[in-house]
2 protein chains.
Amino acid sequence: MNIGEIADQTGLPAKTIRYYDEIGLIQPARDSNGYRVFAQNDAHKLAFLGRARALGFSIEECRKLMALYEDKARASSDVKALAQEHLANIERKIRQLEEMRETLSHLVASCAGDDRPDCPILTDLAQG
Amino acid sequence: MNIGEIADQTGLPAKTIRYYDEIGLIQPARDSNGYRVFAQNDAHKLAFLGRARALGFSIEECRKLMALYEDKARASSDVKALAQEHLANIERKIRQLEEMRETLSHLVASCAGDDRPDCPILTDLAQG
DNA sequence: CCTTGACCTTCTAGTGACTGGAACCTTTAT
DNA sequence: ATAAAGGTTCCAGTCACTAGAAGGTCAAGG
């Protein structure tokens, strides 16, 4: 399979697939014309990567997950630890964003939003 | 005031303040020795920027907010629109992260986390 | 006066994970 | 023969800093 076909199959842009190749996440074979040739195993790996990325794992975390996936003697505790750490990061981000939402929604609600210049949003930003 | 003093006062790193100068968010005066000299107005602007950034506004949004702040003939509706758009972005991000949290926490809960290799997290990533 | 240390300056390069675009080659269809 | 569609590499840009190098300036102590 060529890169376009695999892109359609996995939903990943061809550019992204080339990038994953460049950083060594996948190692597709090459045809005599220089085109990348993707085997079923590459398709699997890319789908795996796509799902891990969709869950917010960083590229380096994906690299570790792939290594664990391919290590048939892994301990599930290693996978779980990685996922738990990532989950904690996500929860921290959510809390940060919720704080912002809290503050911002109050500010937005307090602003008349008309053609007069008085604006509690700006006042708050200016005064703290 | 020199950059270190203003950094202490605003809580922003000196590097960040230099960066804000470089991209034109502030225009501090210069002493004969080349040092930046910060007036009270610069301190105000930096505090304003710090708070806007803490609420997640992008640099470009901060630039617009500053312009509105300095335009005494602004309409508060312009400020409100900017803030509402940003609030919508934050809410979208929160929803995305919450989806990730949902999926991930289920996966983590289902993984034994022992020294055996069987792991539903990896199985899910592999199968979708 | 000299040195030491803290402070300031600019410049370059790196971060993460792509993305856009240029310049060029290969394949397929007409 | 040619045109379109696909592939290749390489370079630059994104965002908001941040690290570090090389060097100038200033205040205090010996």
# chains A, B, ... in the order shown; residues from 1 in each chain; ligands from 1

$ calpha_fit_and_write --fixed "chain B" --moving "chain A" --output "CSV table (one decimal) with C-alpha atoms, in the first residue's frame"
chain,number,residue,atom,x,y,z
A,1,MET,CA,12.7,50.6,37.1
A,2,ASN,CA,14.9,47.9,35.5
A,3,ILE,CA,13.6,44.7,34.1
A,4,GLY,CA,14.4,42.6,37.2
A,5,GLU,CA,12.4,44.9,39.5
A,6,ILE,CA,9.4,44.8,37.1
A,7,ALA,CA,9.7,41.1,36.8
A,8,ASP,CA,9.5,40.8,40.6
A,9,GLN,CA,6.6,43.2,40.7
A,10,THR,CA,4.5,41.5,38.0
A,11,GLY,CA,5.6,37.9,38.5
A,12,LEU,CA,6.5,37.6,34.9
A,13,PRO,CA,10.0,36.3,34.0
A,14,ALA,CA,12.4,38.8,32.6
A,15,LYS,CA,12.7,36.7,29.5
A,16,THR,CA,9.0,37.0,28.9
A,17,ILE,CA,9.0,40.7,29.4
A,18,ARG,CA,11.8,41.0,26.8
A,19,TYR,CA,9.7,38.9,24.5
A,20,TYR,CA,6.7,41.1,24.9
A,21,ASP,CA,8.9,44.0,24.1
A,22,GLU,CA,10.2,42.3,21.0
A,23,ILE,CA,6.7,41.6,19.6
A,24,GLY,CA,5.6,45.1,20.4
A,25,LEU,CA,3.2,44.5,23.3
A,26,ILE,CA,5.1,47.0,25.4
A,27,GLN,CA,7.5,49.8,24.5
A,28,PRO,CA,9.6,50.6,27.5
A,29,ALA,CA,12.0,53.5,27.3
A,30,ARG,CA,15.8,52.9,27.2
A,31,ASP,CA,18.4,54.3,29.5
A,32,SER,CA,21.7,55.7,28.1
A,33,ASN,CA,23.3,52.3,28.9
A,34,GLY,CA,20.8,50.4,26.8
A,35,TYR,CA,18.9,49.1,29.8
A,36,ARG,CA,15.1,49.1,29.5
A,37,VAL,CA,13.4,51.6,31.8
A,38,PHE,CA,9.9,50.7,32.9
A,39,ALA,CA,7.4,53.4,33.9
A,40,GLN,CA,4.4,52.8,36.0
A,41,ASN,CA,2.3,52.6,32.8
A,42,ASP,CA,4.5,49.7,31.6
A,43,ALA,CA,4.0,47.9,34.8
A,44,HIS,CA,0.3,48.3,34.4
A,45,LYS,CA,0.3,46.9,30.9
A,46,LEU,CA,2.4,44.0,32.0
A,47,ALA,CA,0.1,43.2,34.8
A,48,PHE,CA,-2.9,43.4,32.4
A,49,LEU,CA,-1.1,41.1,30.0
A,50,GLY,CA,-0.3,38.6,32.8
A,51,ARG,CA,-3.9,38.4,33.9
A,52,ALA,CA,-5.2,38.1,30.3
A,53,ARG,CA,-2.7,35.3,29.6
A,54,ALA,CA,-3.6,33.6,32.9
A,55,LEU,CA,-7.2,33.5,31.6
A,56,GLY,CA,-5.9,31.8,28.5
A,57,PHE,CA,-6.1,34.6,26.0
A,58,SER,CA,-3.6,34.2,23.2
A,59,ILE,CA,-1.0,36.9,22.6
A,60,GLU,CA,-3.0,38.2,19.6
A,61,GLU,CA,-6.1,38.4,21.7
A,62,CYS,CA,-4.1,40.2,24.4
A,63,ARG,CA,-3.0,42.7,21.8
A,64,LYS,CA,-6.6,43.3,20.8
A,65,LEU,CA,-7.7,43.6,24.5
A,66,MET,CA,-4.9,46.1,25.1
A,67,ALA,CA,-6.0,48.1,22.1
A,68,LEU,CA,-9.6,48.1,23.4
A,69,TYR,CA,-8.4,49.0,26.9
A,70,GLU,CA,-6.6,52.0,25.6
A,71,ASP,CA,-9.4,53.1,23.2
A,72,LYS,CA,-11.5,55.1,25.6
A,73,ALA,CA,-14.3,55.2,22.9
A,74,ARG,CA,-14.5,51.5,22.6
A,75,ALA,CA,-17.8,49.6,22.7
A,76,SER,CA,-18.1,47.1,25.5
A,77,SER,CA,-19.7,44.8,23.0
A,78,ASP,CA,-16.4,44.4,21.2
A,79,VAL,CA,-14.7,43.3,24.4
A,80,LYS,CA,-17.6,41.0,25.3
A,81,ALA,CA,-17.5,39.4,21.9
A,82,LEU,CA,-13.8,38.6,22.2
A,83,ALA,CA,-14.2,37.2,25.7
A,84,GLN,CA,-17.2,35.1,24.6
A,85,GLU,CA,-15.4,33.6,21.7
A,86,HIS,CA,-12.5,32.7,24.0
A,87,LEU,CA,-14.9,31.3,26.5
A,88,ALA,CA,-16.4,29.1,23.8
A,89,ASN,CA,-12.9,27.8,22.9
A,90,ILE,CA,-12.2,27.0,26.5
A,91,GLU,CA,-15.5,25.1,26.8
A,92,ARG,CA,-14.7,23.1,23.7
A,93,LYS,CA,-11.3,22.2,25.1
A,94,ILE,CA,-12.8,21.1,28.3
A,95,ARG,CA,-15.3,18.9,26.5
A,96,GLN,CA,-12.4,17.3,24.5
A,97,LEU,CA,-10.4,16.7,27.7
A,98,GLU,CA,-13.4,15.3,29.5
A,99,GLU,CA,-14.0,12.8,26.7
A,100,MET,CA,-10.3,11.7,27.0
A,101,ARG,CA,-10.7,11.5,30.8
A,102,GLU,CA,-13.8,9.4,30.4
A,103,THR,CA,-12.2,6.9,28.1
A,104,LEU,CA,-8.9,6.8,29.9
A,105,SER,CA,-10.3,6.4,33.3
A,106,HIS,CA,-12.4,3.4,32.2
A,107,LEU,CA,-9.3,1.9,30.6
A,108,VAL,CA,-7.2,2.5,33.7
A,109,ALA,CA,-9.8,1.0,35.9
A,110,SER,CA,-10.0,-2.1,33.8
A,111,CYS,CA,-6.3,-2.8,33.9
A,112,ALA,CA,-5.1,-5.1,36.6
A,113,GLY,CA,-1.7,-3.3,36.9
A,114,ASP,CA,0.2,-6.4,38.0
A,115,ASP,CA,3.2,-8.2,36.5
A,116,ARG,CA,1.2,-10.1,33.9
A,117,PRO,CA,1.3,-8.9,30.3
A,118,ASP,CA,-2.5,-8.8,29.7
A,119,CYS,CA,-3.6,-5.2,29.5
A,120,PRO,CA,-7.0,-3.9,28.3
A,121,ILE,CA,-5.4,-0.5,27.7
A,122,LEU,CA,-3.1,-1.9,25.0
A,123,THR,CA,-5.9,-4.1,23.6
A,124,ASP,CA,-8.1,-1.1,23.2
A,125,LEU,CA,-5.4,1.0,21.5
A,126,ALA,CA,-4.7,-1.9,19.2
A,127,GLN,CA,-8.3,-2.6,18.3
A,128,GLY,CA,-10.1,0.7,18.6

$ interface_residues --of "chain C" --to "chain B" --cutoff "9 Å" --atoms "only C-alpha atoms (C1' of nucleotides)" --output "count of residues only"
3

$ closest_atom_pairs --of "chain D" --to "chain A" --cutoff "12 Å" --atoms "only C-alpha atoms (C1' of nucleotides)" --output "Markdown table"
| residue | atom | partner | partner_atom | distance |
| --- | --- | --- | --- | --- |
| D:DA5 | C1' | A:Gly4 | CA | 11.0 |
| D:DG6 | C1' | A:Gly4 | CA | 8.0 |
| D:DG7 | C1' | A:Tyr35 | CA | 6.2 |
| D:DT8 | C1' | A:Gly34 | CA | 7.2 |
| D:DT9 | C1' | A:Arg18 | CA | 10.9 |

$ write_last_selection --atoms "C-alpha atoms (C1' of nucleotides)" --output "PDB file, in the first residue's frame"
ATOM      1  C1'  DA D   5      -2.641  12.606  -9.630  1.00  0.00           C
ATOM      2  C1'  DG D   6       0.290  10.684  -6.698  1.00  0.00           C
ATOM      3  C1'  DG D   7       4.839  10.189  -4.598  1.00  0.00           C
ATOM      4  C1'  DT D   8       9.641  12.195  -2.782  1.00  0.00           C
ATOM      5  C1'  DT D   9      12.708  15.581  -0.001  1.00  0.00           C
TER       6       DT D   9
END

$ closest_residue --among "C:DT19, C:DT27, C:DT3, C:DT12" --to "DG20 in chain D" --atoms "only C-alpha atoms (C1' of nucleotides)"
C:DT12

$ select_by_dssp --residues "chain B" --states "helix (DSSP H, G or I)" --output "PyMOL selection string"
chain B and resi 3-10+14-22+40-54+59-70+76-110+120-127

$ select_by_dssp --residues "range 21-86 of chain B" --states "strand (DSSP E)" --output "PyMOL selection string"
chain B and resi 29-30+36-37
